[in-house]
$ cat protein_22.csv   # CSV, C-alpha atoms
chain,number,residue,atom,x,y,z
A,1,MET,CA,128.1,67.7,108.4
A,2,LYS,CA,125.1,66.9,106.3
A,3,LYS,CA,125.8,69.9,104.1
A,4,ILE,CA,129.3,68.7,103.4
A,5,ILE,CA,127.9,65.3,102.4
A,6,ASP,CA,125.4,66.9,100.2
A,7,LEU,CA,128.1,69.0,98.6
A,8,ILE,CA,130.2,66.0,97.9
A,9,LYS,CA,127.2,64.2,96.3
A,10,LYS,CA,126.6,67.2,94.1
A,11,ILE,CA,130.2,67.4,93.0
A,12,ALA,CA,130.2,63.7,92.2
A,13,LEU,CA,127.0,64.1,90.2
A,14,ALA,CA,128.5,67.0,88.3
A,15,LEU,CA,131.6,64.9,87.4
A,16,VAL,CA,129.4,62.0,86.2
A,17,VAL,CA,127.5,64.5,84.0
A,18,LEU,CA,130.7,65.8,82.6
A,19,VAL,CA,131.9,62.3,81.8
A,20,LEU,CA,128.7,61.5,80.1
A,21,ILE,CA,128.9,64.8,78.1
A,22,GLY,CA,132.5,63.9,77.1
A,23,ALA,CA,131.4,60.4,76.1
A,24,VAL,CA,128.6,61.7,74.0
A,25,PHE,CA,130.7,64.3,72.2
A,26,GLY,CA,134.0,62.5,72.3
A,27,GLY,CA,132.8,59.0,71.3
A,28,LYS,CA,130.9,60.1,68.2
A,29,GLY,CA,131.8,62.5,65.5
A,30,LYS,CA,130.0,65.7,65.1
A,31,SER,CA,126.5,65.1,64.0
A,32,SER,CA,124.2,67.9,62.9
A,33,SER,CA,121.2,65.6,62.4
A,34,SER,CA,120.7,64.4,65.9
A,35,SER,CA,118.4,66.7,67.7
A,36,SER,CA,117.8,64.3,70.6
A,37,SER,CA,121.6,64.5,71.4
A,38,ASP,CA,121.4,68.2,71.4
A,39,SER,CA,118.4,68.3,73.8
A,40,LYS,CA,120.1,65.8,76.1
A,41,SER,CA,123.3,67.8,76.2
A,42,GLU,CA,121.4,71.0,76.8
A,43,ALA,CA,119.6,69.3,79.7
A,44,ALA,CA,122.9,68.2,81.1
A,45,VAL,CA,124.4,71.7,80.8
A,46,GLU,CA,121.4,73.1,82.6
A,47,GLU,CA,121.6,70.5,85.3
A,48,GLN,CA,125.3,71.3,85.7
A,49,ALA,CA,124.6,75.0,86.0
A,50,GLN,CA,121.9,74.4,88.6
A,51,GLU,CA,124.4,72.2,90.6
A,52,SER,CA,127.0,74.9,90.4
A,53,LYS,CA,124.5,77.4,91.8
A,54,ASP,CA,123.6,75.0,94.6
A,55,ASP,CA,127.3,74.5,95.4
A,56,GLU,CA,127.8,78.3,95.6
A,57,GLU,CA,124.8,78.7,97.9
A,58,ALA,CA,126.1,75.8,100.1
A,59,SER,CA,129.5,77.5,100.3
A,60,ALA,CA,127.9,80.8,101.2
A,61,ASP,CA,125.8,79.1,103.9
A,62,ALA,CA,128.9,77.4,105.3
A,63,GLU,CA,130.8,80.7,105.5
A,64,ILE,CA,127.9,82.3,107.3
A,65,GLU,CA,127.6,79.5,109.8
A,66,GLU,CA,131.2,79.6,110.9
A,67,PRO,CA,131.6,81.6,114.1
A,68,GLU,CA,134.0,84.5,113.8
A,69,ALA,CA,137.1,84.3,115.9
A,70,GLU,CA,137.1,86.8,118.6
A,71,PRO,CA,140.1,89.1,118.5
A,72,GLU,CA,142.5,88.4,121.3
A,73,LYS,CA,142.6,91.0,123.9
A,74,GLU,CA,146.1,92.3,124.6
A,75,GLU,CA,146.9,92.4,128.3
A,76,PRO,CA,148.5,95.7,129.3
A,77,ILE,CA,152.2,95.6,129.7
A,78,GLU,CA,153.5,95.9,133.2
A,79,TYR,CA,156.8,97.8,133.3
A,80,VAL,CA,159.4,97.2,136.0
A,81,ASP,CA,160.8,100.5,137.5
A,82,VAL,CA,164.6,100.8,137.2
A,83,THR,CA,167.2,103.4,137.0
A,84,VAL,CA,170.4,103.5,135.0
A,85,ASP,CA,172.4,103.0,138.2
A,86,GLU,CA,170.4,99.9,139.1
A,87,LEU,CA,171.0,98.4,135.6
A,88,THR,CA,174.7,99.2,135.7
A,89,ALA,CA,175.1,97.7,139.2
A,90,ALA,CA,173.4,94.5,138.1
A,91,LEU,CA,175.7,94.3,135.1
A,92,ASP,CA,178.8,95.0,137.1
A,93,ASN,CA,177.9,92.4,139.8
A,94,ASN,CA,177.0,89.5,137.5
A,95,PRO,CA,176.6,90.0,133.7
A,96,LEU,CA,174.9,86.6,133.3
A,97,LYS,CA,172.4,87.2,136.0
A,98,ALA,CA,171.7,90.7,134.6
A,99,LYS,CA,171.0,89.2,131.2
A,100,GLN,CA,168.7,86.6,132.7
A,101,THR,CA,166.9,89.2,134.7
A,102,TYR,CA,166.5,92.0,132.1
A,103,GLN,CA,166.7,90.3,128.7
A,104,ASP,CA,163.2,90.8,127.0
A,105,ALA,CA,162.0,92.6,130.2
A,106,HIS,CA,159.6,95.5,130.0
A,107,ILE,CA,161.2,98.4,131.9
A,108,ARG,CA,160.3,101.9,133.0
A,109,LEU,CA,163.7,103.5,133.0
A,110,THR,CA,164.4,106.8,134.7
A,111,GLY,CA,167.6,108.5,133.4
A,112,VAL,CA,169.2,111.6,132.1
A,113,LEU,CA,169.3,112.3,128.3
A,114,ASN,CA,173.0,112.4,127.4
A,115,ASN,CA,173.2,111.7,123.7
A,116,ILE,CA,170.9,112.1,120.7
A,117,ASP,CA,171.7,110.5,117.3
A,118,SER,CA,171.5,113.2,114.6
A,119,SER,CA,169.7,110.7,112.3
A,120,GLY,CA,167.0,110.1,114.8
A,121,ASN,CA,167.7,106.4,115.2
A,122,TYR,CA,168.6,106.3,118.9
A,123,PHE,CA,169.4,108.2,122.1
A,124,ASN,CA,171.2,107.4,125.3
A,125,VAL,CA,170.3,108.0,128.9
A,126,ASN,CA,172.7,107.8,131.9
A,127,ASN,CA,172.7,108.6,135.6
A,128,GLY,CA,173.4,112.3,135.0
A,129,ASP,CA,177.2,112.1,135.4
A,130,GLN,CA,178.6,113.7,132.3
A,131,TYR,CA,181.9,111.7,132.7
A,132,SER,CA,180.1,108.3,133.1
A,133,PHE,CA,180.4,105.7,130.4
A,134,ASP,CA,177.5,103.8,131.7
A,135,SER,CA,174.4,104.6,129.6
A,136,VAL,CA,171.5,102.8,128.1
A,137,TYR,CA,171.1,102.7,124.3
A,138,CYS,CA,167.4,103.4,123.4
A,139,SER,CA,166.2,102.7,119.9
A,140,ILE,CA,163.6,105.1,118.4
A,141,LEU,CA,160.9,103.1,116.6
A,142,ASP,CA,158.1,105.5,116.1
A,143,ASP,CA,157.3,109.1,115.2
A,144,ALA,CA,156.0,110.0,118.7
A,145,THR,CA,159.3,109.0,120.3
A,146,LEU,CA,161.2,110.8,117.6
A,147,ASP,CA,159.2,114.0,118.2
A,148,ARG,CA,159.6,113.8,121.9
A,149,ILE,CA,163.4,113.4,121.7
A,150,ALA,CA,163.6,116.2,119.0
A,151,SER,CA,161.9,118.5,121.5
A,152,SER,CA,164.1,117.5,124.4
A,153,SER,CA,167.6,118.7,125.4
A,154,ILE,CA,170.7,117.0,126.7
A,155,GLY,CA,170.5,116.9,130.5
A,156,ASP,CA,166.7,116.4,130.6
A,157,THR,CA,165.4,113.7,132.9
A,158,LEU,CA,163.3,111.1,131.0
A,159,VAL,CA,161.2,108.2,131.9
A,160,VAL,CA,161.5,105.7,129.1
A,161,CYS,CA,159.2,102.7,128.8
A,162,GLY,CA,160.4,99.9,126.6
A,163,THR,CA,161.7,96.4,126.1
A,164,VAL,CA,165.3,95.3,126.8
A,165,THR,CA,166.5,93.7,123.5
A,166,ASP,CA,170.1,93.0,124.5
A,167,VAL,CA,172.3,92.9,127.6
A,168,GLY,CA,176.1,92.8,127.2
A,169,GLU,CA,179.0,93.3,129.5
A,170,VAL,CA,180.8,95.6,127.1
A,171,LEU,CA,178.1,97.6,125.4
A,172,GLY,CA,175.5,97.5,128.2
A,173,TYR,CA,171.7,97.6,127.7
A,174,TYR,CA,169.7,98.1,124.5
A,175,VAL,CA,166.1,99.1,124.8
A,176,ASP,CA,163.4,99.3,122.1
A,177,VAL,CA,161.3,102.4,123.2
A,178,ASP,CA,157.5,101.9,123.4
A,179,TYR,CA,157.0,105.5,124.6
A,180,ILE,CA,158.4,108.2,126.8
A,181,GLU,CA,156.4,109.5,129.8

$ encode --input "protein_22.csv" --output "structure tokens"
Amino acid sequence: MKKIIDLIKKIALALVVLVLIGAVFGGKGKSSSSSSSDSKSEAAVEEQAQESKDDEEASADAEIEEPEAEPEKEEPIEYVDVTVDELTAALDNNPLKAKQTYQDAHIRLTGVLNNIDSSGNYFNVNNGDQYSFDSVYCSILDDATLDRIASSSIGDTLVVCGTVTDVGEVLGYYVDVDYIE
């Protein structure tokens, strides 16, 4: 706190010096014969330079004294184990409750790969029944997931860990994939 007060005093003094310099040079016309005015203004400029240096040192000291904020430690995500059949049953029984239960939930979904987007934006998993319309839409967000899906085949069983981003009674579940086990 004392350093801040000292800093304010120095800034105020610098302003006073600047006002005096302005008064000396602004109030009188240019005079080449007054050597005492020149020496006074040189002294004022030197004093101002010293104050600027002191201010910089005070600022540097203040920066050093501030404790660094510790980075927040992220807690590991706990995924809830579910299957495509469990998600589908929850949605069929009560869409509102399914949304309240699974919206923004971190899930560990076990399912069978049944569709892969040719652009690499998403894939779908279902319960393995090729005639089932119940599947979970999984968004590919990183290269590791893209590589894993590119090396997989339709019909492979996958364990997908991610976050449910949307639950709807018509289109089902949407998951942003964190990784595939």

$ closest_residue --input "protein_22.csv" --among "A:Val177, A:Val167, A:Gly172, A:Asn114" --to "Thr145 (chain A)" --atoms "only C-alpha atoms"
A:Val177

$ atom_distance --input "protein_22.csv" --atom1 "CA of Cys138 (chain A)" --atom2 "CA of Ser153 (chain A)"
15.4 Å

$ atom_distance --input "protein_22.csv" --atom1 "CA of Ile107 (chain A)" --atom2 "CA of Asn93 (chain A)"
19.4 Å

$ residues_around --input "protein_22.csv" --residues "Asp81 (chain A)" --least-positions-apart "3" --cutoff "10 Å" --atoms "all atoms listed in the file" --output "ChimeraX atom specification"
/A:78,86,106-110,159-161

$ atom_distance --input "protein_22.csv" --atom1 "CA of Glu169 (chain A)" --atom2 "CA of Thr157 (chain A)"
24.8 Å

$ closest_residue --input "protein_22.csv" --among "A:Gln100, A:Thr83, A:Asn94, A:Thr88" --to "Val112 (chain A)" --atoms "all atoms listed in the file"
A:Thr83

$ residues_around --input "protein_22.csv" --residues "Ser119 (chain A)" --least-positions-apart "2" --cutoff "12 Å" --atoms "all atoms listed in the file" --output "PyMOL selection string"
chain A and resi 115-117+121-123+139-140+146+149-150

$ closest_residue --input "protein_22.csv" --among "A:Tyr102, A:Asp134, A:Asn124, A:Pro95" --to "Tyr79 (chain A)" --atoms "only C-alpha atoms"
A:Tyr102

$ closest_residue --input "protein_22.csv" --among "A:Asp104, A:Asp85, A:Asp92, A:Glu72" --to "Ser135 (chain A)" --atoms "only C-alpha atoms"
A:Asp85

$ closest_residue --input "protein_22.csv" --among "A:Glu75, A:Ala90, A:Ser118, A:Thr165" --to "Ala105 (chain A)" --atoms "only C-alpha atoms"
A:Thr165

$ closest_residue --input "protein_22.csv" --among "A:Leu141, A:Val136, A:Tyr174, A:Gly128" --to "Ile154 (chain A)" --atoms "all atoms listed in the file"
A:Gly128
